Each structure stands twice: as structure tokens, then as C-alpha cells.
2 protein chains.
Amino acid sequence: MLKEPAPSAPHECADCPIRHRAVCARCESDELELLDQIKYYRSFEAGQTLIWSGDHMDFVGSVVTGIATLTQTMEDGRTQMVGLLLPSDFVGRPGRDSAAYDVVATTNIVMCCFRKKPFEEMMVRTPHIAQRLLEMTLDELDAAREWMLVLGRKTAREKIASLIAIIARRDAALNMVGMRGPLTVDLPLTREAMADYLGLTLETVSRQVSALKKDGVIALEGKRRVTIADFNRLLDEAGDDSDGGLLA
Amino acid sequence: MLKEPAPSAPHECADCPIRHRAVCARCESDELELLDQIKYYRSFEAGQTLIWSGDHMDFVGSVVTGIATLTQTMEDGRTQMVGLLLPSDFVGRPGRDSAAYDVVATTNIVMCCFRKKPFEEMMVRTPHIAQRLLEMTLDELDAAREWMLVLGRKTAREKIASLIAIIARRDAALNMVGMRGPLTVDLPLTREAMADYLGLTLETVSRQVSALKKDGVIALEGKRRVTIADFNRLLDEAGDDSDGGLLA
DNA sequence: TCGAAGCCTTGACCCAGATCAAAATGCGAA
DNA sequence: TTCGCATTTTGATCTGGGTCAAGGCTTCGA
């Protein structure tokens with residue numbers, strides 16, 4: 001839990017870092033102006049729970065900077081992460097008014113929120129928003145299905161390799177860099193969060209990360225910074241068909 | 001593999017059994033007429049693979065009757081089901097032209113297909129379709145997330161109980177019956193398909209089904225027909241918060 | 001400088017579910 | 001009615017990853 005101050009926020013849409021990837025990606029400037037009237041920014045500190053499952057939700061929004069997780073918890077405490085929210089990802093569901101999952105800030109985070117009611121009204125009148133949201137939801141569904149294969153059929157080692165590959169890929173997409181040569185990524189998750197992502201225990205995560213390091217698949221710099229010498233080798237360890245389609 | 005002839009198809013939209021739940025649910029009659037011009041029916045026999053992952057797709061469509069599965073397979077043959085397609089579910093993704101998963105008919109099946117290109121064009125002009133598709137996709141995403149909890153954190157026994165509960169719930173929703181008192185459902189899946197759904201082996205599925213039967217949670221009639229005496233008891237075995245929300 | 005609180009690693013042991021093997025059951029076809 | 005095949009059950013054994021238990025490493029605050 002870092003003790004930095006919550007990042008202070010507001011931006012203009014014009015220089016918003018997620019302008020071209022978020023729900024508003026397709027909006028024209030007049031549409032942005034309308035959105036502007038119902039939007040506001042909120043900041044949260046690492047470790048804070050933004051939303052509790054079952055809470056009433058009167059807003060939806062986008063992650064602007066930072067990372068959050070979507071998790072489900074059983075009565076006895078077993079927890080499973082069901083979504084990893086990176087910048088530009090959307091939070092909340094139009095047409096539903098209580099949250100289905102816990103949302104927890106993993107790092108300090110800034111969100112661009114829209115009041116739900118007016119946002120829903122606007123969706124009806126502004127196809128650009130609904131279109132983009134559909135596209136994003138379909139992408140998330142694909143990601144969820146990939147994730148199901150990981151959870152259901154992969155070994156612990158393959159799971160770890162898959163997670164690193166997924167994060168590296170998203171990272172590369174965000175920073176518009178290619179996938180050749182060694183690349184270095186931040187793993188913004190604790191061992192426990194990785195375990196909750198992968199359906200493992202934190203001890204197993206620790207052991208398998210060490211194993212991948214020992215075998216030269218990855219190199220560590222501190223606990224959280226990972227260097228991947230050969231991305232195809234990593235994909236191989238992940239059990240993925242090696243061609244490695246690089247989705248935008 | 002039943003050896004019945006493929007069910008022969010065509011319907012009028014007016015008396016289509018999925019009229020009020022499929023992508024076209026919100027369409028007005030003039031919109032249905034437009035859809036009618038680009039639609040056609042296709043039938044498949046149980047066991048047939050409708051679509052191979054990677055195939056070029058020139059249509060999208062809805063399951064009218066029967067059941068199909070969406071599966072992913074790794075190079076070494078491990079397979080994970082990532083979708084269970086019941087009547088009214090949508091197949092294919094507008095804006096993508098190759099299939100991401102294998103689609104296999106579990107029973108004989110009838111699909112209502114739309115040529116992809118005209119369907120995509122129509123989506124732009126007919127918000128009712130896009131709206132409904134968004135809603136359905138969000139529902140599927142929720143189902144996928146529930147499923148992730150099952151795959152990642154539940155025991156074999158809980159997984160089986162969860163699967164039966166999910167099918168019973170969908171069945172009840174489709175037939176508009178309530179959830180009290182004993183109810184009987186068809187499990188339209190082989191033990192192997194259940195294993196692929198739950199990330200287990202078919203032997204484990206068989207053992208756990210027997211165990212639930214021995215413990216009186218379920219009763220079997222033949223191999224595929226299940227009677228649930230007390231639905232809350234089943235939810236309990238599934239590890240679900242027992243209130244049991246009955247989504248429409 | 002020290003202590004406390006979070007994280008992370010490592011070791012020893014155990015068990016749920018996988019694997020391997022065989023036998024039962026059920027069903028359509030001849 | 002029996003044969004052949006797919007599916008399912010059951011048994012014996014093995015093992016990957018869970019569980020329990022110590023320590024180590026950082027960071028921060030006093």
C-alpha cells in the first residue's frame with residue numbers, strides 16, 4: 001500500500017490520455033461537449049475499494065490512469081479476479097443499478113465518471129457511444145474466454161507465463177511498441193493478486209515465478225519488474241499457439 | 001451421436017420460438033421485414049462442427065432450437081468449453097471475419113443466419129438491433145465471469161452442482177417456470193462435455209455426479225435427466241450465496 | 001537506528017483430482 | 001436377439017499444487 005497522495009486529476013478531453021481508446025473514442029467534438037457536462041473526475045489511492053459488490057451505482061466511467069481489479073468473493077473468503085481494469089477500460093453497466101463485483105484500486109487511480117442516468121439517456125441518442133461500448137464489451141468477452149482456458153486447463157507454470165504475456169501484450173499495445181527483442185514490463189500486481197487472477201495460491205505463484213526465472217524465460221529487477229528476453233519462448237511456456245496474434 | 005435426420009427448419013418470425021429473446025427481440029415489424037430479406041435457416045445434426053476456429057465467417061446468427069458449444073483447443077488436445085449456446089443465443093461477431101472458436105452442435109440444431117455484410121450495415125441503421133446485441137453481450141460477459149469463479153476456485157463437487165444449477169436456471173427462465181419445489185431438467189451434455197465445461201476430467205465428473213446422487217442432492221432418471229428436490233440445497237452445494245437471484 | 005508491518009520465498013507434507021485400466025451399460029443396426 | 005460402439009462407471013495409483021510453518025527482505029515511521 002503506497003502512501004503517496006491520491007493523484008490529483010482533471011483533464012480536458014482534448015489532451016486525455018485515453019481519448020482514442022475509451023467509450024468516447026468515436027465521439028465527435030459536439031458529442032464530447034455533451035459528455036463533458038455529465039462527467040467528473042475521481043481519484044483513489046492504491047488499496048482503496050472503489051465499489052463494493054451490491055452497492056448502488058449512480059455512475060459509470062473509464063479508468064484514466066492506474067490499475068484496478070474486478071473480483072468476486074465467496075462466503076468463505078475464496079476470491080477470484082474476473083477483470084483487470086487498465087487505462088481506457090470501462091466500469092459499470094448501463095441499465096443495471098447495483099454493482100456485481102468489487103472494484104479495488106491496485107495502484108493510485110484516476111477515473112472519468114459519468115452520472116449514470118444522463119449517460120444512459122445519451123447512449124440512446126448517440127450511437128457512437130453505444131457502438132464503441134459494444135465493441136469494447138465484445139473484446140472483454142474474448143479476453144474472458146481466453147482467461148477461461150487459462151483457468152480451466154493450464155498448469156501453474158503455463159498460467160504464470162500466460163499472465164506475463166497478457167500484460168506484456170497490453171502494455172505493448174498501449175505504448176505502441178513492437179514485440180521483438182527483449183522487452184521490460186511492470187507487473188503491477190502482488191503475488192496474491194496474481195494468485196487471485198490465476199486461481200492459484202500465492203505460494204505457487206512465487207514458486208513458479210522463481211522457476212521461470214531460473215530457467216531463463218524471464219529476468220526480474222526487484223519483485224515487480226520483468227524482462228522478457230524472447231517473447232516467443234514465453235508464449236511457448238504459456239502453451240499458446242506460438243504465432244502470437246497481436247491484437248490492437 | 002443420435003442418428004435422427006437433421007431437423008427441417010423454416011419459420012416465420014411471427015411464430016419464431018425465440019422471437020422475444022434473440023437479437024431481433026426489440027425490432028418492430030418493419031425492421032423484421034428487412035431482417036427477413038437477409039436471413040436463412042440452416043440445420044445441423046448432433047455432433048457436427050458448425051464452425052472451425054479460424055474459418056472465414058460470412059454470416060452471424062441465432063440458435064433457434066437445440067444446443068451448441070463454443071470450445072477452445074490447445075495444440076496438445078486439452079480443450080475448454082468457453083460458451084454454451086442455448087436457443088436465442090447469438091453466434092459470431094459483427095466486425096470480425098474469422099471465427100475465434102469451434103462451434104459444435106451438441107444436439108440437432110436449427111440456426112437463423114444473417115449474411116454478415118448486410119447485417120452489419122443494418123446494425124448501423126437500426127439501433128434496436130445494436131441495443132439488444134449490447135445487452136446480450138453484457139449478459140454473456142456476466143455469465144463468463146461467474147464461470148471464471150467456478151473454474152478458478154470451486155471444488156469438483158461444487159463445480160458439478162454449479163453446472164446443474166446454471167442449466168436449471170436457464171431452463172426455468174426459458175420455460176417461464178418458478179424455482180420452488182422439485183424440478184426436472186435435461187442435462188443435454190455428455191460427461192466429457194461437462195468435463196470440458198468445468199475444467200475437469202470425465203472420470204471426476206462421473207464420480208461427483210454419483211456422489212451428489214448418493215447424498216440425495218439430485219436424482220437421476222437415465223443418464224441425462226436430473227431431478228432437483230430442493231434448489232436451495234443445490235445452491236448450497238454449489239457454494240453460491242443461497243438467496244439465488246433468478247435472472248430473467 | 002530500530003521495530004513493525006507488509007510482502008515474498010522456501011521447505012515439508014498432504015490430498016483432491018488426474019491418470020491408467022477395466023468392466024458395465026445402453027442403444028442403434030443388422 | 002445379438003453385435004458393435006459409444007458412453008459411463010468404478011477401481012487403483014500417482015502427482016501437481018494446496019496447506020501449514022518458518023524466515024527473509026523492504027519500506028516506513030518513531
# chains A, B, ... in the order shown; residues from 1 in each chain; ligands from 1
$ closest_atom_pairs --of "chain B" --to "chain C" --cutoff "10 Å" --atoms "only C-alpha atoms (C1' of nucleotides)" --output "tab-separated table"
residue	atom	partner	partner_atom	distance
B:Leu2	CA	C:DG28	C1'	9.0
B:Lys3	CA	C:DG28	C1'	8.4
B:Thr155	CA	C:DA16	C1'	8.4
B:Ala156	CA	C:DG17	C1'	7.9
B:Leu200	CA	C:DG17	C1'	8.1
B:Thr201	CA	C:DA18	C1'	7.4
B:Glu203	CA	C:DA18	C1'	9.1
B:Thr204	CA	C:DG17	C1'	7.0
B:Gly222	CA	C:DG26	C1'	9.6
B:Lys223	CA	C:DG26	C1'	9.8
$ interface_residues --of "chain B" --to "chain D" --cutoff "9 Å" --atoms "only C-alpha atoms (C1' of nucleotides)" --output "ChimeraX atom specification"
/B:1,190-191,203,206-207,223
$ interface_residues --of "chain A" --to "chain B" --cutoff "9 Å" --atoms "only C-alpha atoms" --output "PyMOL selection string"
chain A and resi 72-76+78-83+93+95+100+124+127+130-131+133-135+137-138+140-142+144-154+196-200+239-241
$ residues_around --residues "Val63 in chain B" --least-positions-apart "4" --cutoff "12 Å" --atoms "only C-alpha atoms (C1' of nucleotides)" --output "PDB file with N, CA and C atoms, in the first residue's frame"
ATOM      1  N   ALA B   9     -36.391 -26.958 -41.165  1.00  0.00           N
ATOM      2  CA  ALA B   9     -36.470 -25.725 -40.452  1.00  0.00           C
ATOM      3  C   ALA B   9     -37.601 -24.722 -40.682  1.00  0.00           C
ATOM      4  N   CYS B  16     -41.819 -17.509 -34.356  1.00  0.00           N
ATOM      5  CA  CYS B  16     -40.474 -17.984 -34.000  1.00  0.00           C
ATOM      6  C   CYS B  16     -40.379 -18.129 -32.482  1.00  0.00           C
ATOM      7  N   PRO B  17     -39.888 -19.276 -32.023  1.00  0.00           N
ATOM      8  CA  PRO B  17     -39.846 -19.515 -30.582  1.00  0.00           C
ATOM      9  C   PRO B  17     -38.886 -18.608 -29.816  1.00  0.00           C
ATOM     10  N   ILE B  18     -37.961 -17.982 -30.515  1.00  0.00           N
ATOM     11  CA  ILE B  18     -37.023 -17.115 -29.802  1.00  0.00           C
ATOM     12  C   ILE B  18     -37.251 -15.637 -30.114  1.00  0.00           C
ATOM     13  N   ARG B  19     -38.372 -15.382 -30.750  1.00  0.00           N
ATOM     14  CA  ARG B  19     -38.698 -14.022 -31.189  1.00  0.00           C
ATOM     15  C   ARG B  19     -38.445 -12.944 -30.125  1.00  0.00           C
ATOM     16  N   ARG B  21     -36.478 -13.084 -27.414  1.00  0.00           N
ATOM     17  CA  ARG B  21     -35.229 -13.129 -26.640  1.00  0.00           C
ATOM     18  C   ARG B  21     -33.965 -12.954 -27.495  1.00  0.00           C
ATOM     19  N   ALA B  22     -34.074 -13.097 -28.785  1.00  0.00           N
ATOM     20  CA  ALA B  22     -32.884 -13.070 -29.651  1.00  0.00           C
ATOM     21  C   ALA B  22     -32.467 -11.642 -30.003  1.00  0.00           C
ATOM     22  N   VAL B  23     -31.496 -11.498 -30.883  1.00  0.00           N
ATOM     23  CA  VAL B  23     -31.056 -10.152 -31.303  1.00  0.00           C
ATOM     24  C   VAL B  23     -32.181  -9.312 -31.838  1.00  0.00           C
ATOM     25  N   TYR B  41     -32.359 -20.147 -42.925  1.00  0.00           N
ATOM     26  CA  TYR B  41     -32.205 -21.134 -41.857  1.00  0.00           C
ATOM     27  C   TYR B  41     -31.220 -22.216 -42.250  1.00  0.00           C
ATOM     28  N   ARG B  42     -30.507 -22.713 -41.268  1.00  0.00           N
ATOM     29  CA  ARG B  42     -29.631 -23.866 -41.504  1.00  0.00           C
ATOM     30  C   ARG B  42     -29.826 -24.864 -40.377  1.00  0.00           C
ATOM     31  N   SER B  43     -29.786 -26.143 -40.736  1.00  0.00           N
ATOM     32  CA  SER B  43     -29.935 -27.197 -39.734  1.00  0.00           C
ATOM     33  C   SER B  43     -28.656 -28.010 -39.671  1.00  0.00           C
ATOM     34  N   PHE B  44     -28.369 -28.513 -38.499  1.00  0.00           N
ATOM     35  CA  PHE B  44     -27.183 -29.342 -38.318  1.00  0.00           C
ATOM     36  C   PHE B  44     -27.542 -30.522 -37.432  1.00  0.00           C
ATOM     37  N   LEU B  50     -20.133 -26.929 -36.583  1.00  0.00           N
ATOM     38  CA  LEU B  50     -20.730 -25.908 -37.452  1.00  0.00           C
ATOM     39  C   LEU B  50     -19.663 -24.989 -37.997  1.00  0.00           C
ATOM     40  N   ILE B  67     -28.851 -27.163 -28.989  1.00  0.00           N
ATOM     41  CA  ILE B  67     -27.763 -26.664 -28.160  1.00  0.00           C
ATOM     42  C   ILE B  67     -26.439 -26.854 -28.865  1.00  0.00           C
ATOM     43  N   ALA B  68     -25.579 -25.852 -28.739  1.00  0.00           N
ATOM     44  CA  ALA B  68     -24.242 -25.960 -29.309  1.00  0.00           C
ATOM     45  C   ALA B  68     -23.227 -25.487 -28.279  1.00  0.00           C
ATOM     46  N   THR B  69     -21.972 -25.826 -28.507  1.00  0.00           N
ATOM     47  CA  THR B  69     -20.933 -25.380 -27.587  1.00  0.00           C
ATOM     48  C   THR B  69     -19.880 -24.591 -28.340  1.00  0.00           C
ATOM     49  N   LEU B  84     -21.770 -21.905 -23.866  1.00  0.00           N
ATOM     50  CA  LEU B  84     -22.804 -22.912 -24.062  1.00  0.00           C
ATOM     51  C   LEU B  84     -23.955 -22.177 -24.731  1.00  0.00           C
ATOM     52  N   LEU B  85     -24.254 -22.555 -25.970  1.00  0.00           N
ATOM     53  CA  LEU B  85     -25.211 -21.784 -26.755  1.00  0.00           C
ATOM     54  C   LEU B  85     -26.579 -22.428 -26.718  1.00  0.00           C
ATOM     55  N   LEU B  86     -27.512 -21.765 -26.074  1.00  0.00           N
ATOM     56  CA  LEU B  86     -28.887 -22.257 -25.983  1.00  0.00           C
ATOM     57  C   LEU B  86     -29.764 -21.450 -26.930  1.00  0.00           C
ATOM     58  N   PRO B  87     -30.995 -21.894 -27.124  1.00  0.00           N
ATOM     59  CA  PRO B  87     -31.866 -21.158 -28.035  1.00  0.00           C
ATOM     60  C   PRO B  87     -31.901 -19.669 -27.690  1.00  0.00           C
ATOM     61  N   SER B  88     -31.796 -18.847 -28.691  1.00  0.00           N
ATOM     62  CA  SER B  88     -31.794 -17.379 -28.658  1.00  0.00           C
ATOM     63  C   SER B  88     -30.379 -16.808 -28.555  1.00  0.00           C
ATOM     64  N   ASP B  89     -29.393 -17.623 -28.218  1.00  0.00           N
ATOM     65  CA  ASP B  89     -28.028 -17.097 -28.148  1.00  0.00           C
ATOM     66  C   ASP B  89     -27.497 -16.764 -29.529  1.00  0.00           C
ATOM     67  N   PHE B  90     -26.597 -15.805 -29.536  1.00  0.00           N
ATOM     68  CA  PHE B  90     -26.075 -15.250 -30.776  1.00  0.00           C
ATOM     69  C   PHE B  90     -24.713 -15.861 -31.097  1.00  0.00           C
ATOM     70  N   VAL B  91     -24.472 -16.103 -32.371  1.00  0.00           N
ATOM     71  CA  VAL B  91     -23.199 -16.700 -32.795  1.00  0.00           C
ATOM     72  C   VAL B  91     -22.508 -15.772 -33.785  1.00  0.00           C
ATOM     73  N   GLY B  92     -21.243 -15.549 -33.562  1.00  0.00           N
ATOM     74  CA  GLY B  92     -20.480 -14.717 -34.489  1.00  0.00           C
ATOM     75  C   GLY B  92     -20.302 -13.322 -33.945  1.00  0.00           C
ATOM     76  N   VAL B 103     -17.392 -24.166 -33.014  1.00  0.00           N
ATOM     77  CA  VAL B 103     -18.787 -24.265 -32.601  1.00  0.00           C
ATOM     78  C   VAL B 103     -19.277 -25.654 -32.988  1.00  0.00           C
ATOM     79  N   VAL B 104     -19.737 -26.406 -31.998  1.00  0.00           N
ATOM     80  CA  VAL B 104     -20.135 -27.789 -32.245  1.00  0.00           C
ATOM     81  C   VAL B 104     -21.573 -28.016 -31.783  1.00  0.00           C
ATOM     82  N   ALA B 105     -22.356 -28.661 -32.629  1.00  0.00           N
ATOM     83  CA  ALA B 105     -23.737 -28.981 -32.260  1.00  0.00           C
ATOM     84  C   ALA B 105     -23.733 -30.133 -31.258  1.00  0.00           C
ATOM     85  N   THR B 107     -26.762 -31.156 -29.786  1.00  0.00           N
ATOM     86  CA  THR B 107     -27.995 -31.826 -30.198  1.00  0.00           C
ATOM     87  C   THR B 107     -28.241 -31.402 -31.639  1.00  0.00           C
ATOM     88  N   ASN B 108     -29.260 -31.919 -32.241  1.00  0.00           N
ATOM     89  CA  ASN B 108     -29.661 -31.373 -33.525  1.00  0.00           C
ATOM     90  C   ASN B 108     -30.008 -29.908 -33.309  1.00  0.00           C
ATOM     91  N   ILE B 109     -29.767 -29.115 -34.327  1.00  0.00           N
ATOM     92  CA  ILE B 109     -29.863 -27.687 -34.100  1.00  0.00           C
ATOM     93  C   ILE B 109     -30.383 -26.962 -35.338  1.00  0.00           C
ATOM     94  N   VAL B 110     -31.143 -25.902 -35.109  1.00  0.00           N
ATOM     95  CA  VAL B 110     -31.578 -25.041 -36.200  1.00  0.00           C
ATOM     96  C   VAL B 110     -31.076 -23.638 -35.914  1.00  0.00           C
ATOM     97  N   MET B 111     -30.424 -23.043 -36.903  1.00  0.00           N
ATOM     98  CA  MET B 111     -29.959 -21.676 -36.720  1.00  0.00           C
ATOM     99  C   MET B 111     -30.629 -20.734 -37.703  1.00  0.00           C
ATOM    100  N   CYS B 112     -30.848 -19.518 -37.232  1.00  0.00           N
ATOM    101  CA  CYS B 112     -31.346 -18.453 -38.090  1.00  0.00           C
ATOM    102  C   CYS B 112     -30.151 -17.570 -38.409  1.00  0.00           C
ATOM    103  N   CYS B 113     -29.689 -17.628 -39.677  1.00  0.00           N
ATOM    104  CA  CYS B 113     -28.454 -16.943 -40.041  1.00  0.00           C
ATOM    105  C   CYS B 113     -28.746 -15.664 -40.824  1.00  0.00           C
ATOM    106  N   PHE B 114     -27.877 -14.687 -40.659  1.00  0.00           N
ATOM    107  CA  PHE B 114     -27.959 -13.458 -41.438  1.00  0.00           C
ATOM    108  C   PHE B 114     -26.642 -13.299 -42.182  1.00  0.00           C
TER     109      PHE B 114
END
$ closest_residue --among "B:Gly216, B:Gly54, B:Gly61, B:Gly66" --to "Tyr40 in chain B" --atoms "only C-alpha atoms"
B:Gly61
$ decode --residues "range 169-184 of chain B" --atoms "N, CA and C atoms" --output "PDB file, in the first residue's frame"
ATOM      1  N   ARG B 169     -31.480 -23.110 -14.058  1.00  0.00           N
ATOM      2  CA  ARG B 169     -31.936 -21.725 -14.030  1.00  0.00           C
ATOM      3  C   ARG B 169     -32.301 -21.237 -15.423  1.00  0.00           C
ATOM      4  N   ARG B 170     -31.413 -21.541 -16.388  1.00  0.00           N
ATOM      5  CA  ARG B 170     -31.693 -21.106 -17.756  1.00  0.00           C
ATOM      6  C   ARG B 170     -32.945 -21.791 -18.292  1.00  0.00           C
ATOM      7  N   ASP B 171     -33.071 -23.041 -17.930  1.00  0.00           N
ATOM      8  CA  ASP B 171     -34.216 -23.815 -18.360  1.00  0.00           C
ATOM      9  C   ASP B 171     -35.505 -23.222 -17.811  1.00  0.00           C
ATOM     10  N   ALA B 172     -35.462 -22.896 -16.532  1.00  0.00           N
ATOM     11  CA  ALA B 172     -36.638 -22.311 -15.894  1.00  0.00           C
ATOM     12  C   ALA B 172     -36.981 -20.968 -16.526  1.00  0.00           C
ATOM     13  N   ALA B 173     -35.955 -20.183 -16.827  1.00  0.00           N
ATOM     14  CA  ALA B 173     -36.187 -18.876 -17.432  1.00  0.00           C
ATOM     15  C   ALA B 173     -36.845 -19.038 -18.805  1.00  0.00           C
ATOM     16  N   LEU B 174     -36.351 -20.022 -19.554  1.00  0.00           N
ATOM     17  CA  LEU B 174     -36.881 -20.229 -20.891  1.00  0.00           C
ATOM     18  C   LEU B 174     -38.331 -20.686 -20.848  1.00  0.00           C
ATOM     19  N   ASN B 175     -38.631 -21.577 -19.923  1.00  0.00           N
ATOM     20  CA  ASN B 175     -39.991 -22.111 -19.834  1.00  0.00           C
ATOM     21  C   ASN B 175     -40.884 -21.329 -18.888  1.00  0.00           C
ATOM     22  N   MET B 176     -40.352 -20.258 -18.381  1.00  0.00           N
ATOM     23  CA  MET B 176     -41.134 -19.376 -17.507  1.00  0.00           C
ATOM     24  C   MET B 176     -41.722 -20.098 -16.293  1.00  0.00           C
ATOM     25  N   VAL B 177     -40.985 -21.048 -15.767  1.00  0.00           N
ATOM     26  CA  VAL B 177     -41.485 -21.694 -14.555  1.00  0.00           C
ATOM     27  C   VAL B 177     -40.661 -21.232 -13.372  1.00  0.00           C
ATOM     28  N   GLY B 178     -41.245 -21.358 -12.191  1.00  0.00           N
ATOM     29  CA  GLY B 178     -40.568 -20.904 -10.983  1.00  0.00           C
ATOM     30  C   GLY B 178     -39.549 -21.901 -10.494  1.00  0.00           C
ATOM     31  N   MET B 179     -38.977 -21.625  -9.347  1.00  0.00           N
ATOM     32  CA  MET B 179     -37.855 -22.415  -8.885  1.00  0.00           C
ATOM     33  C   MET B 179     -38.178 -23.170  -7.589  1.00  0.00           C
ATOM     34  N   ARG B 180     -39.450 -23.180  -7.228  1.00  0.00           N
ATOM     35  CA  ARG B 180     -39.764 -23.863  -5.969  1.00  0.00           C
ATOM     36  C   ARG B 180     -40.254 -25.282  -6.243  1.00  0.00           C
ATOM     37  N   GLY B 181     -40.097 -26.104  -5.248  1.00  0.00           N
ATOM     38  CA  GLY B 181     -40.492 -27.488  -5.401  1.00  0.00           C
ATOM     39  C   GLY B 181     -39.513 -28.228  -6.282  1.00  0.00           C
ATOM     40  N   PRO B 182     -39.674 -29.538  -6.409  1.00  0.00           N
ATOM     41  CA  PRO B 182     -38.763 -30.331  -7.213  1.00  0.00           C
ATOM     42  C   PRO B 182     -38.891 -29.942  -8.678  1.00  0.00           C
ATOM     43  N   LEU B 183     -37.788 -29.833  -9.353  1.00  0.00           N
ATOM     44  CA  LEU B 183     -37.874 -29.589 -10.788  1.00  0.00           C
ATOM     45  C   LEU B 183     -36.905 -30.510 -11.521  1.00  0.00           C
ATOM     46  N   THR B 184     -37.303 -30.849 -12.743  1.00  0.00           N
ATOM     47  CA  THR B 184     -36.551 -31.818 -13.514  1.00  0.00           C
ATOM     48  C   THR B 184     -36.015 -31.160 -14.769  1.00  0.00           C
TER      49      THR B 184
END
